[in-house]
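Structure, as structure tokens:
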Amino acid sequence: MTNPFEVAATAAATIATETGVERHDVAIVLGSGWAATADRLGRVIADLELSDVPGFPAPAVPGHRDLLRSVVAHGQSILVLGGRSHLYEGHEPDTVVHGVRTAAATGCHTVILTNAAGGLQPDWGVGRLVLIRDHINLTGRSPMVGPAPPPDQPGRFCDLTEAYCARLRGLARTADPSLVEGIYAGLLGGNYETPAEIRMLAGQGADLVGMSTVLETIAARHVGLDVLGISLVTNLAAGLSPVPLSHAAVVDAAAEAEDRIVALIGGVLDQLARP
Ligand code: HPA
């Protein structure tokens, strides 16, 4: 079976059978170091191993979790993905975006994509939560490359004018008025950037830099999901940071922000639940 949308439909059917939850409303993808957040989002209905669901490799990056959890929060069914796959692990775009396509196939209307990011704004300290207003996809890849989507799916040239939903950003700011917004540059990754690359990205308008999210957002918009993107600045970017960059420090910074992340996501879910 090579059609990725069919794999997503099979994954959604497995999730419905194994969790007993026929439809989910909102999906949350937890970024590096955010995995423990899954324990605090609501009432747990069922846990699966992500890698037992068709199309999902086991998350292999420290700070990610082999967990797919169905939770009820504020009267809504939430699909929590405890980890994600990245291009830098050698995965293809279809694998990287399988979570959001599966979320859409389970009935979700919204996906909350979280990530750890380097900050390009010198006055944004470590621990700053930032709403992604837009992105620059510098991975050189797209989930819309390949055979045309099947006839039951929208065509490939999806509109990304409002990739990150303004209404959802408004709900997030209501939940936490201290939130700022920024442009996320998504790179292939596998290594952190050089200071020269960071200066170039700053000149191109980036406020954040990371190795995920952009392909997931493209795939989510293609299938009609509204996207809320939340970055946590886990370090100042290369050349701005007073200390060498390390994944362990990224994961630690994410863990320290857990209370605020849980409160923010809870605040957004609470408002989404209201008619
Ligand atoms: N660069 C790229 N990805 C990241 C960074 C960074 O500085 N921090 C966390 N993820």
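Residues are referred to by chain and number: the chain letter is A, B, ... according to the order shown in the structure tokens, the number counts from 1 in that chain, and ligands are numbered separately from 1 in the order shown.
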
Please write out the residues within 10 Å of ligand 1 as an mmCIF file with all heavy atoms, in the first residue's frame, counting only C-alpha atoms and all ligand atoms.
```cif
data_model
loop_
_atom_site.group_PDB
_atom_site.id
_atom_site.type_symbol
_atom_site.label_atom_id
_atom_site.label_comp_id
_atom_site.auth_asym_id
_atom_site.auth_seq_id
_atom_site.Cartn_x
_atom_site.Cartn_y
_atom_site.Cartn_z
ATOM 1 N N GLY A 31 6.475 18.248 20.817
ATOM 2 C CA GLY A 31 7.840 18.385 20.330
ATOM 3 C C GLY A 31 8.861 17.881 21.325
ATOM 4 O O GLY A 31 8.517 17.370 22.397
ATOM 5 N N SER A 32 10.124 18.062 20.974
ATOM 6 C CA SER A 32 11.245 17.603 21.808
ATOM 7 C C SER A 32 11.089 18.094 23.236
ATOM 8 O O SER A 32 10.972 19.297 23.477
ATOM 9 C CB SER A 32 12.567 18.172 21.282
ATOM 10 O OG SER A 32 13.005 17.448 20.184
ATOM 11 N N ASN A 115 6.859 22.681 19.231
ATOM 12 C CA ASN A 115 8.255 22.345 18.958
ATOM 13 C C ASN A 115 9.195 23.130 19.862
ATOM 14 O O ASN A 115 8.807 24.120 20.470
ATOM 15 C CB ASN A 115 8.609 22.581 17.479
ATOM 16 C CG ASN A 115 8.478 24.024 17.065
ATOM 17 O OD1 ASN A 115 8.988 24.918 17.723
ATOM 18 N ND2 ASN A 115 7.796 24.278 15.957
ATOM 19 N N ALA A 116 10.415 22.631 19.906
ATOM 20 C CA ALA A 116 11.532 23.350 20.522
ATOM 21 C C ALA A 116 12.241 24.092 19.400
ATOM 22 O O ALA A 116 12.393 23.552 18.306
ATOM 23 C CB ALA A 116 12.488 22.356 21.171
ATOM 24 N N ALA A 117 12.652 25.318 19.664
ATOM 25 C CA ALA A 117 13.263 26.105 18.594
ATOM 26 C C ALA A 117 14.387 26.961 19.146
ATOM 27 O O ALA A 117 14.408 27.311 20.332
ATOM 28 C CB ALA A 117 12.207 27.000 17.931
ATOM 29 N N GLY A 118 15.293 27.317 18.238
ATOM 30 C CA GLY A 118 16.300 28.312 18.568
ATOM 31 C C GLY A 118 15.705 29.690 18.336
ATOM 32 O O GLY A 118 14.935 29.889 17.390
ATOM 33 N N GLY A 119 16.036 30.649 19.192
ATOM 34 C CA GLY A 119 15.499 32.002 19.066
ATOM 35 C C GLY A 119 16.487 32.921 18.361
ATOM 36 O O GLY A 119 17.683 32.899 18.664
ATOM 37 N N LEU A 120 15.967 33.715 17.412
ATOM 38 C CA LEU A 120 16.825 34.677 16.700
ATOM 39 C C LEU A 120 16.660 36.094 17.229
ATOM 40 O O LEU A 120 17.393 36.991 16.813
ATOM 41 C CB LEU A 120 16.524 34.647 15.191
ATOM 42 C CG LEU A 120 17.249 33.561 14.401
ATOM 43 C CD1 LEU A 120 16.728 32.176 14.738
ATOM 44 C CD2 LEU A 120 17.140 33.803 12.905
ATOM 45 N N ALA A 185 11.606 29.376 10.797
ATOM 46 C CA ALA A 185 12.334 28.813 9.651
ATOM 47 C C ALA A 185 12.569 27.331 9.923
ATOM 48 O O ALA A 185 13.202 26.977 10.925
ATOM 49 C CB ALA A 185 13.666 29.535 9.464
ATOM 50 N N GLY A 186 12.044 26.491 9.052
ATOM 51 C CA GLY A 186 12.198 25.047 9.201
ATOM 52 C C GLY A 186 13.325 24.548 8.308
ATOM 53 O O GLY A 186 13.288 24.729 7.088
ATOM 54 N N LEU A 187 14.348 23.962 8.918
ATOM 55 C CA LEU A 187 15.510 23.463 8.177
ATOM 56 C C LEU A 187 15.541 21.939 8.211
ATOM 57 O O LEU A 187 14.904 21.313 9.072
ATOM 58 C CB LEU A 187 16.800 24.022 8.785
ATOM 59 C CG LEU A 187 17.245 25.409 8.290
ATOM 60 C CD1 LEU A 187 16.230 26.486 8.670
ATOM 61 C CD2 LEU A 187 18.614 25.773 8.844
ATOM 62 N N LEU A 188 16.312 21.377 7.303
ATOM 63 C CA LEU A 188 16.457 19.920 7.272
ATOM 64 C C LEU A 188 17.001 19.391 8.590
ATOM 65 O O LEU A 188 16.561 18.381 9.113
ATOM 66 C CB LEU A 188 17.395 19.549 6.118
ATOM 67 C CG LEU A 188 17.703 18.084 5.896
ATOM 68 C CD1 LEU A 188 16.431 17.301 5.572
ATOM 69 C CD2 LEU A 188 18.710 17.933 4.756
ATOM 70 N N GLY A 189 17.977 20.089 9.155
ATOM 71 C CA GLY A 189 18.490 19.721 10.473
ATOM 72 C C GLY A 189 19.475 18.573 10.437
ATOM 73 O O GLY A 189 20.107 18.297 9.414
ATOM 74 N N GLY A 190 19.562 17.928 11.572
ATOM 75 C CA GLY A 190 20.597 16.919 11.767
ATOM 76 C C GLY A 190 21.813 17.531 12.453
ATOM 77 O O GLY A 190 22.633 16.827 13.035
ATOM 78 N N ASN A 191 21.908 18.841 12.336
ATOM 79 C CA ASN A 191 22.940 19.599 13.066
ATOM 80 C C ASN A 191 22.338 20.967 13.353
ATOM 81 O O ASN A 191 21.355 21.370 12.711
ATOM 82 C CB ASN A 191 24.206 19.761 12.212
ATOM 83 C CG ASN A 191 23.911 20.370 10.849
ATOM 84 O OD1 ASN A 191 23.686 19.648 9.879
ATOM 85 N ND2 ASN A 191 23.873 21.681 10.761
ATOM 86 N N TYR A 192 22.897 21.652 14.337
ATOM 87 C CA TYR A 192 22.493 23.047 14.532
ATOM 88 C C TYR A 192 23.149 23.903 13.447
ATOM 89 O O TYR A 192 24.004 23.429 12.680
ATOM 90 C CB TYR A 192 22.859 23.518 15.943
ATOM 91 C CG TYR A 192 22.073 22.778 17.019
ATOM 92 C CD1 TYR A 192 22.704 21.948 17.935
ATOM 93 C CD2 TYR A 192 20.693 22.899 17.075
ATOM 94 C CE1 TYR A 192 21.975 21.266 18.900
ATOM 95 C CE2 TYR A 192 19.955 22.218 18.034
ATOM 96 C CZ TYR A 192 20.594 21.400 18.941
ATOM 97 O OH TYR A 192 19.871 20.721 19.880
ATOM 98 N N GLU A 193 22.749 25.166 13.402
ATOM 99 C CA GLU A 193 23.176 26.033 12.316
ATOM 100 C C GLU A 193 24.529 26.672 12.643
ATOM 101 O O GLU A 193 24.960 26.684 13.788
ATOM 102 C CB GLU A 193 22.123 27.146 12.092
ATOM 103 C CG GLU A 193 20.745 26.623 11.733
ATOM 104 C CD GLU A 193 20.042 25.930 12.889
ATOM 105 O OE1 GLU A 193 20.228 26.353 14.049
ATOM 106 O OE2 GLU A 193 19.321 24.937 12.631
ATOM 107 N N THR A 194 25.144 27.252 11.621
ATOM 108 C CA THR A 194 26.320 28.083 11.860
ATOM 109 C C THR A 194 25.850 29.504 12.162
ATOM 110 O O THR A 194 24.744 29.901 11.764
ATOM 111 C CB THR A 194 27.237 28.128 10.623
ATOM 112 O OG1 THR A 194 26.507 28.762 9.554
ATOM 113 C CG2 THR A 194 27.674 26.736 10.188
ATOM 114 N N ILE A 198 22.573 31.637 10.693
ATOM 115 C CA ILE A 198 21.589 32.336 11.537
ATOM 116 C C ILE A 198 21.473 33.807 11.111
ATOM 117 O O ILE A 198 20.366 34.352 11.028
ATOM 118 C CB ILE A 198 21.958 32.196 13.032
ATOM 119 C CG1 ILE A 198 21.819 30.732 13.474
ATOM 120 C CG2 ILE A 198 21.121 33.128 13.906
ATOM 121 C CD1 ILE A 198 20.419 30.144 13.347
ATOM 122 N N LEU A 208 12.592 32.348 14.559
ATOM 123 C CA LEU A 208 12.783 31.042 15.206
ATOM 124 C C LEU A 208 13.402 30.108 14.190
ATOM 125 O O LEU A 208 13.137 30.230 12.988
ATOM 126 C CB LEU A 208 11.417 30.445 15.609
ATOM 127 C CG LEU A 208 10.558 31.264 16.559
ATOM 128 C CD1 LEU A 208 9.085 30.877 16.407
ATOM 129 C CD2 LEU A 208 11.012 31.023 18.004
ATOM 130 N N VAL A 209 14.172 29.145 14.672
ATOM 131 C CA VAL A 209 14.722 28.153 13.756
ATOM 132 C C VAL A 209 14.557 26.769 14.384
ATOM 133 O O VAL A 209 14.736 26.593 15.588
ATOM 134 C CB VAL A 209 16.198 28.468 13.410
ATOM 135 C CG1 VAL A 209 17.096 28.440 14.633
ATOM 136 C CG2 VAL A 209 16.735 27.513 12.352
ATOM 137 N N GLY A 210 14.171 25.803 13.525
ATOM 138 C CA GLY A 210 13.975 24.449 14.031
ATOM 139 C C GLY A 210 14.017 23.427 12.914
ATOM 140 O O GLY A 210 14.273 23.772 11.749
ATOM 141 N N MET A 211 13.779 22.183 13.299
ATOM 142 C CA MET A 211 13.959 21.054 12.368
ATOM 143 C C MET A 211 12.659 20.267 12.190
ATOM 144 O O MET A 211 12.703 19.083 11.869
ATOM 145 C CB MET A 211 15.047 20.115 12.889
ATOM 146 C CG MET A 211 16.353 20.811 13.264
ATOM 147 S SD MET A 211 17.521 19.653 13.997
ATOM 148 C CE MET A 211 18.751 20.776 14.682
ATOM 149 N N SER A 212 11.529 20.893 12.427
ATOM 150 C CA SER A 212 10.261 20.151 12.310
ATOM 151 C C SER A 212 9.170 21.097 11.830
ATOM 152 O O SER A 212 9.438 22.165 11.294
ATOM 153 C CB SER A 212 9.876 19.556 13.670
ATOM 154 O OG SER A 212 9.539 20.582 14.586
ATOM 155 N N SER A 231 6.027 27.423 19.492
ATOM 156 C CA SER A 231 7.447 27.126 19.707
ATOM 157 C C SER A 231 7.832 27.523 21.118
ATOM 158 O O SER A 231 7.355 28.536 21.636
ATOM 159 C CB SER A 231 8.331 27.934 18.745
ATOM 160 O OG SER A 231 8.243 27.448 17.431
ATOM 161 N N LEU A 232 8.707 26.736 21.673
ATOM 162 C CA LEU A 232 9.369 27.144 22.916
ATOM 163 C C LEU A 232 10.824 27.456 22.554
ATOM 164 O O LEU A 232 11.510 26.606 21.957
ATOM 165 C CB LEU A 232 9.327 26.012 23.942
ATOM 166 C CG LEU A 232 10.116 26.327 25.218
ATOM 167 C CD1 LEU A 232 9.370 27.352 26.064
ATOM 168 C CD2 LEU A 232 10.376 25.069 26.032
ATOM 169 N N VAL A 233 11.265 28.659 22.896
ATOM 170 C CA VAL A 233 12.674 28.993 22.670
ATOM 171 C C VAL A 233 13.481 28.242 23.733
ATOM 172 O O VAL A 233 13.434 28.583 24.911
ATOM 173 C CB VAL A 233 12.914 30.511 22.754
ATOM 174 C CG1 VAL A 233 14.406 30.821 22.633
ATOM 175 C CG2 VAL A 233 12.128 31.239 21.677
ATOM 176 N N THR A 234 14.167 27.190 23.287
ATOM 177 C CA THR A 234 14.942 26.377 24.228
ATOM 178 C C THR A 234 16.397 26.833 24.296
ATOM 179 O O THR A 234 17.142 26.389 25.168
ATOM 180 C CB THR A 234 14.903 24.895 23.810
ATOM 181 O OG1 THR A 234 15.303 24.809 22.439
ATOM 182 C CG2 THR A 234 13.514 24.307 23.990
ATOM 183 N N ASN A 235 16.775 27.686 23.345
ATOM 184 C CA ASN A 235 18.157 28.216 23.313
ATOM 185 C C ASN A 235 18.156 29.411 22.378
ATOM 186 O O ASN A 235 17.303 29.507 21.480
ATOM 187 C CB ASN A 235 19.118 27.146 22.777
ATOM 188 C CG ASN A 235 18.710 26.649 21.407
ATOM 189 O OD1 ASN A 235 17.832 25.771 21.291
ATOM 190 N ND2 ASN A 235 19.292 27.204 20.372
ATOM 191 N N LEU A 236 19.071 30.322 22.592
ATOM 192 C CA LEU A 236 19.312 31.332 21.565
ATOM 193 C C LEU A 236 20.071 30.646 20.435
ATOM 194 O O LEU A 236 20.869 29.723 20.669
ATOM 195 C CB LEU A 236 20.095 32.503 22.127
ATOM 196 C CG LEU A 236 19.323 33.397 23.107
ATOM 197 C CD1 LEU A 236 20.189 34.572 23.551
ATOM 198 C CD2 LEU A 236 18.039 33.916 22.473
ATOM 199 N N ALA A 237 19.819 31.084 19.208
ATOM 200 C CA ALA A 237 20.392 30.410 18.044
ATOM 201 C C ALA A 237 21.919 30.584 18.019
ATOM 202 O O ALA A 237 22.479 31.439 18.722
ATOM 203 C CB ALA A 237 19.761 30.979 16.774
ATOM 204 N N ALA A 238 22.553 29.785 17.177
ATOM 205 C CA ALA A 238 24.029 29.767 17.100
ATOM 206 C C ALA A 238 24.568 31.170 16.829
ATOM 207 O O ALA A 238 24.050 31.898 15.990
ATOM 208 C CB ALA A 238 24.468 28.817 15.994
ATOM 209 N N GLY A 239 25.608 31.537 17.556
ATOM 210 C CA GLY A 239 26.195 32.871 17.396
ATOM 211 C C GLY A 239 25.564 33.886 18.332
ATOM 212 O O GLY A 239 26.174 34.918 18.619
ATOM 213 N N LEU A 240 24.332 33.622 18.779
ATOM 214 C CA LEU A 240 23.682 34.497 19.771
ATOM 215 C C LEU A 240 23.760 33.876 21.155
ATOM 216 O O LEU A 240 23.741 34.576 22.168
ATOM 217 C CB LEU A 240 22.198 34.705 19.410
ATOM 218 C CG LEU A 240 21.905 35.318 18.047
ATOM 219 C CD1 LEU A 240 20.398 35.295 17.751
ATOM 220 C CD2 LEU A 240 22.404 36.765 18.015
ATOM 221 N N SER A 241 23.843 32.539 21.173
ATOM 222 C CA SER A 241 23.858 31.835 22.451
ATOM 223 C C SER A 241 25.213 31.983 23.133
ATOM 224 O O SER A 241 26.259 31.801 22.493
ATOM 225 C CB SER A 241 23.562 30.346 22.207
ATOM 226 O OG SER A 241 23.757 29.634 23.409
ATOM 227 N N LEU A 245 25.424 24.827 21.850
ATOM 228 C CA LEU A 245 24.074 24.256 21.750
ATOM 229 C C LEU A 245 24.149 22.746 21.963
ATOM 230 O O LEU A 245 25.083 22.091 21.496
ATOM 231 C CB LEU A 245 23.464 24.548 20.379
ATOM 232 C CG LEU A 245 23.479 26.000 19.919
ATOM 233 C CD1 LEU A 245 22.585 26.177 18.689
ATOM 234 C CD2 LEU A 245 23.039 26.943 21.019
ATOM 235 N N SER A 246 23.151 22.201 22.670
ATOM 236 C CA SER A 246 23.106 20.747 22.859
ATOM 237 C C SER A 246 21.660 20.304 22.973
ATOM 238 O O SER A 246 20.806 21.047 23.478
ATOM 239 C CB SER A 246 23.858 20.335 24.133
ATOM 240 O OG SER A 246 23.061 20.573 25.267
ATOM 241 N N HIS A 247 21.409 19.084 22.500
ATOM 242 C CA HIS A 247 20.043 18.558 22.558
ATOM 243 C C HIS A 247 19.616 18.358 24.007
ATOM 244 O O HIS A 247 18.438 18.557 24.341
ATOM 245 C CB HIS A 247 19.939 17.250 21.766
ATOM 246 C CG HIS A 247 18.531 16.744 21.651
ATOM 247 N ND1 HIS A 247 17.532 17.443 20.990
ATOM 248 C CD2 HIS A 247 17.935 15.633 22.139
ATOM 249 C CE1 HIS A 247 16.390 16.772 21.069
ATOM 250 N NE2 HIS A 247 16.604 15.663 21.767
ATOM 251 N N ALA A 249 20.327 20.213 26.556
ATOM 252 C CA ALA A 249 19.866 21.508 27.089
ATOM 253 C C ALA A 249 18.499 21.868 26.518
ATOM 254 O O ALA A 249 17.654 22.454 27.205
ATOM 255 C CB ALA A 249 20.896 22.590 26.751
ATOM 256 N N VAL A 250 18.269 21.496 25.245
ATOM 257 C CA VAL A 250 16.963 21.751 24.612
ATOM 258 C C VAL A 250 15.865 21.016 25.378
ATOM 259 O O VAL A 250 14.821 21.577 25.729
ATOM 260 C CB VAL A 250 17.010 21.310 23.123
ATOM 261 C CG1 VAL A 250 15.613 21.199 22.523
ATOM 262 C CG2 VAL A 250 17.868 22.280 22.308
ATOM 263 N N VAL A 251 16.106 19.730 25.652
ATOM 264 C CA VAL A 251 15.105 18.912 26.342
ATOM 265 C C VAL A 251 14.882 19.436 27.769
ATOM 266 O O VAL A 251 13.741 19.519 28.247
ATOM 267 C CB VAL A 251 15.525 17.423 26.326
ATOM 268 C CG1 VAL A 251 14.610 16.579 27.198
ATOM 269 C CG2 VAL A 251 15.528 16.892 24.892
ATOM 270 N N ALA A 253 15.271 22.547 28.837
ATOM 271 C CA ALA A 253 14.529 23.820 28.780
ATOM 272 C C ALA A 253 13.051 23.555 28.540
ATOM 273 O O ALA A 253 12.181 24.224 29.107
ATOM 274 C CB ALA A 253 15.101 24.709 27.677
ATOM 275 N N ALA A 254 12.751 22.553 27.716
ATOM 276 C CA ALA A 254 11.348 22.216 27.441
ATOM 277 C C ALA A 254 10.685 21.688 28.708
ATOM 278 O O ALA A 254 9.548 22.063 29.029
ATOM 279 C CB ALA A 254 11.270 21.193 26.309
#
```

Write out as an NGL selection string all residues of segment 35-202 of chain A that backbone DSSP assigns to helix (DSSP H, G or I).
:A and (35-40 or 50-52 or 87-89 or 93-96 or 98-105 or 166-175 or 195-202)

Using only C-alpha atoms, the best pick from A:Ile218, A:Gly224, A:Gly20, A:Val111 as closest to Asn137 of chain A would be A:Ile218

Using only C-alpha atoms, which residue out of A:Gln271, A:Thr161, A:Gln204, A:Thr106 lies closest to Ala12 of chain A?
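Selected residue with least distance to Ala12 of chain A: A:Thr106.
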
Have a look at A:Ala263, A:Val21, A:Val180, A:Val227 and name the one nearest to Leu215 of chain A; count only C-alpha atoms.
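Of all the options, A:Val227 lies closest to Leu215 of chain A.
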
Atomic distance atom CA of Ile45 of chain A - atom CA of Ala257 of chain A, expressed in Å with one decimal
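Between these atoms lies a distance of 25.4 Å.
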
Pick out the closest residue to Asp39 of chain A from this set: A:Arg221, A:His24, A:Arg65, A:His135. Count only C-alpha atoms.
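Closest to Asp39 of chain A of all the choices is A:Arg65.
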
Where does DSSP see strand (DSSP E) in segment 168-275 of chain A, if you list the residues as a list of chain:residue names?
A:Val180, A:Glu181, A:Gly182, A:Ile183, A:Tyr184, A:Ala185, A:Gly186, A:Leu187, A:Leu208, A:Val209, A:Gly210, A:Asp226, A:Val227, A:Leu228, A:Gly229, A:Ile230, A:Ser231, A:Leu232, A:Val233, A:Thr234, A:Asn235, A:Leu236

Output N, CA and C atoms for every residue in that selection, as a PDB file, in the first residue's frame.
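part-v7.pdb written:
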```pdb
ATOM      1  N   VAL A 180       4.152  36.144  22.387  1.00  0.00           N
ATOM      2  CA  VAL A 180       4.536  36.919  21.208  1.00  0.00           C
ATOM      3  C   VAL A 180       4.375  36.018  19.982  1.00  0.00           C
ATOM      4  N   GLU A 181       4.536  36.601  18.792  1.00  0.00           N
ATOM      5  CA  GLU A 181       4.416  35.828  17.561  1.00  0.00           C
ATOM      6  C   GLU A 181       5.703  35.919  16.763  1.00  0.00           C
ATOM      7  N   GLY A 182       5.978  34.909  15.969  1.00  0.00           N
ATOM      8  CA  GLY A 182       7.195  34.949  15.180  1.00  0.00           C
ATOM      9  C   GLY A 182       7.132  34.051  13.957  1.00  0.00           C
ATOM     10  N   ILE A 183       8.130  34.222  13.107  1.00  0.00           N
ATOM     11  CA  ILE A 183       8.262  33.443  11.875  1.00  0.00           C
ATOM     12  C   ILE A 183       9.253  32.303  12.147  1.00  0.00           C
ATOM     13  N   TYR A 184       8.819  31.078  11.823  1.00  0.00           N
ATOM     14  CA  TYR A 184       9.623  29.879  12.089  1.00  0.00           C
ATOM     15  C   TYR A 184      10.292  29.439  10.790  1.00  0.00           C
ATOM     16  N   ALA A 185      11.606  29.376  10.797  1.00  0.00           N
ATOM     17  CA  ALA A 185      12.334  28.813   9.651  1.00  0.00           C
ATOM     18  C   ALA A 185      12.569  27.331   9.923  1.00  0.00           C
ATOM     19  N   GLY A 186      12.044  26.491   9.052  1.00  0.00           N
ATOM     20  CA  GLY A 186      12.198  25.047   9.201  1.00  0.00           C
ATOM     21  C   GLY A 186      13.325  24.548   8.308  1.00  0.00           C
ATOM     22  N   LEU A 187      14.348  23.962   8.918  1.00  0.00           N
ATOM     23  CA  LEU A 187      15.510  23.463   8.177  1.00  0.00           C
ATOM     24  C   LEU A 187      15.541  21.939   8.211  1.00  0.00           C
ATOM     25  N   LEU A 208      12.592  32.348  14.559  1.00  0.00           N
ATOM     26  CA  LEU A 208      12.783  31.042  15.206  1.00  0.00           C
ATOM     27  C   LEU A 208      13.402  30.108  14.190  1.00  0.00           C
ATOM     28  N   VAL A 209      14.172  29.145  14.672  1.00  0.00           N
ATOM     29  CA  VAL A 209      14.722  28.153  13.756  1.00  0.00           C
ATOM     30  C   VAL A 209      14.557  26.769  14.384  1.00  0.00           C
ATOM     31  N   GLY A 210      14.171  25.803  13.525  1.00  0.00           N
ATOM     32  CA  GLY A 210      13.975  24.449  14.031  1.00  0.00           C
ATOM     33  C   GLY A 210      14.017  23.427  12.914  1.00  0.00           C
ATOM     34  N   ASP A 226      -7.087  23.206  10.716  1.00  0.00           N
ATOM     35  CA  ASP A 226      -6.583  24.478  11.226  1.00  0.00           C
ATOM     36  C   ASP A 226      -5.365  24.187  12.092  1.00  0.00           C
ATOM     37  N   VAL A 227      -4.344  25.024  11.968  1.00  0.00           N
ATOM     38  CA  VAL A 227      -3.075  24.764  12.647  1.00  0.00           C
ATOM     39  C   VAL A 227      -2.784  25.860  13.678  1.00  0.00           C
ATOM     40  N   LEU A 228      -2.470  25.410  14.883  1.00  0.00           N
ATOM     41  CA  LEU A 228      -1.872  26.301  15.882  1.00  0.00           C
ATOM     42  C   LEU A 228      -0.445  25.808  16.096  1.00  0.00           C
ATOM     43  N   GLY A 229       0.529  26.662  15.839  1.00  0.00           N
ATOM     44  CA  GLY A 229       1.937  26.291  16.022  1.00  0.00           C
ATOM     45  C   GLY A 229       2.503  27.022  17.231  1.00  0.00           C
ATOM     46  N   ILE A 230       3.096  26.268  18.131  1.00  0.00           N
ATOM     47  CA  ILE A 230       3.677  26.872  19.345  1.00  0.00           C
ATOM     48  C   ILE A 230       5.137  26.435  19.448  1.00  0.00           C
ATOM     49  N   SER A 231       6.027  27.423  19.492  1.00  0.00           N
ATOM     50  CA  SER A 231       7.447  27.126  19.707  1.00  0.00           C
ATOM     51  C   SER A 231       7.832  27.523  21.118  1.00  0.00           C
ATOM     52  N   LEU A 232       8.707  26.736  21.673  1.00  0.00           N
ATOM     53  CA  LEU A 232       9.369  27.144  22.916  1.00  0.00           C
ATOM     54  C   LEU A 232      10.824  27.456  22.554  1.00  0.00           C
ATOM     55  N   VAL A 233      11.265  28.659  22.896  1.00  0.00           N
ATOM     56  CA  VAL A 233      12.674  28.993  22.670  1.00  0.00           C
ATOM     57  C   VAL A 233      13.481  28.242  23.733  1.00  0.00           C
ATOM     58  N   THR A 234      14.167  27.190  23.287  1.00  0.00           N
ATOM     59  CA  THR A 234      14.942  26.377  24.228  1.00  0.00           C
ATOM     60  C   THR A 234      16.397  26.833  24.296  1.00  0.00           C
ATOM     61  N   ASN A 235      16.775  27.686  23.345  1.00  0.00           N
ATOM     62  CA  ASN A 235      18.157  28.216  23.313  1.00  0.00           C
ATOM     63  C   ASN A 235      18.156  29.411  22.378  1.00  0.00           C
ATOM     64  N   LEU A 236      19.071  30.322  22.592  1.00  0.00           N
ATOM     65  CA  LEU A 236      19.312  31.332  21.565  1.00  0.00           C
ATOM     66  C   LEU A 236      20.071  30.646  20.435  1.00  0.00           C
TER      67      LEU A 236
END
```

Using only C-alpha atoms, which residues sit within 10 Å of Val100 of chain A once same-chain residues fewer than 2 positions away are excluded, as a list in words?
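Result of the neighbour search: Ala8, Ala27, Ile28, Val29, Leu81, Val96, Val97, His98, Thr102, Ala103, Ala104, Ala105, Thr106, Cys108, Thr110, Val111, Ile112, Leu113, Leu215, Glu216, Thr217, Ile218, Ala219, Ala220, Arg221, Val223 and Leu225 of chain A.
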
Find the distance between atom CA of Gly75 of chain A and atom CA of Val26 of chain A and write it in Å to one decimal.
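Between these atoms lies a distance of 11.2 Å.
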
Can you list, as a PyMOL selection string, every protein, DNA or RNA residue that comes within 7 Å of Leu41 of chain A when you count only C-alpha atoms, leaving out same-chain residues fewer than 5 positions away?
chain A and resi 73+262+266
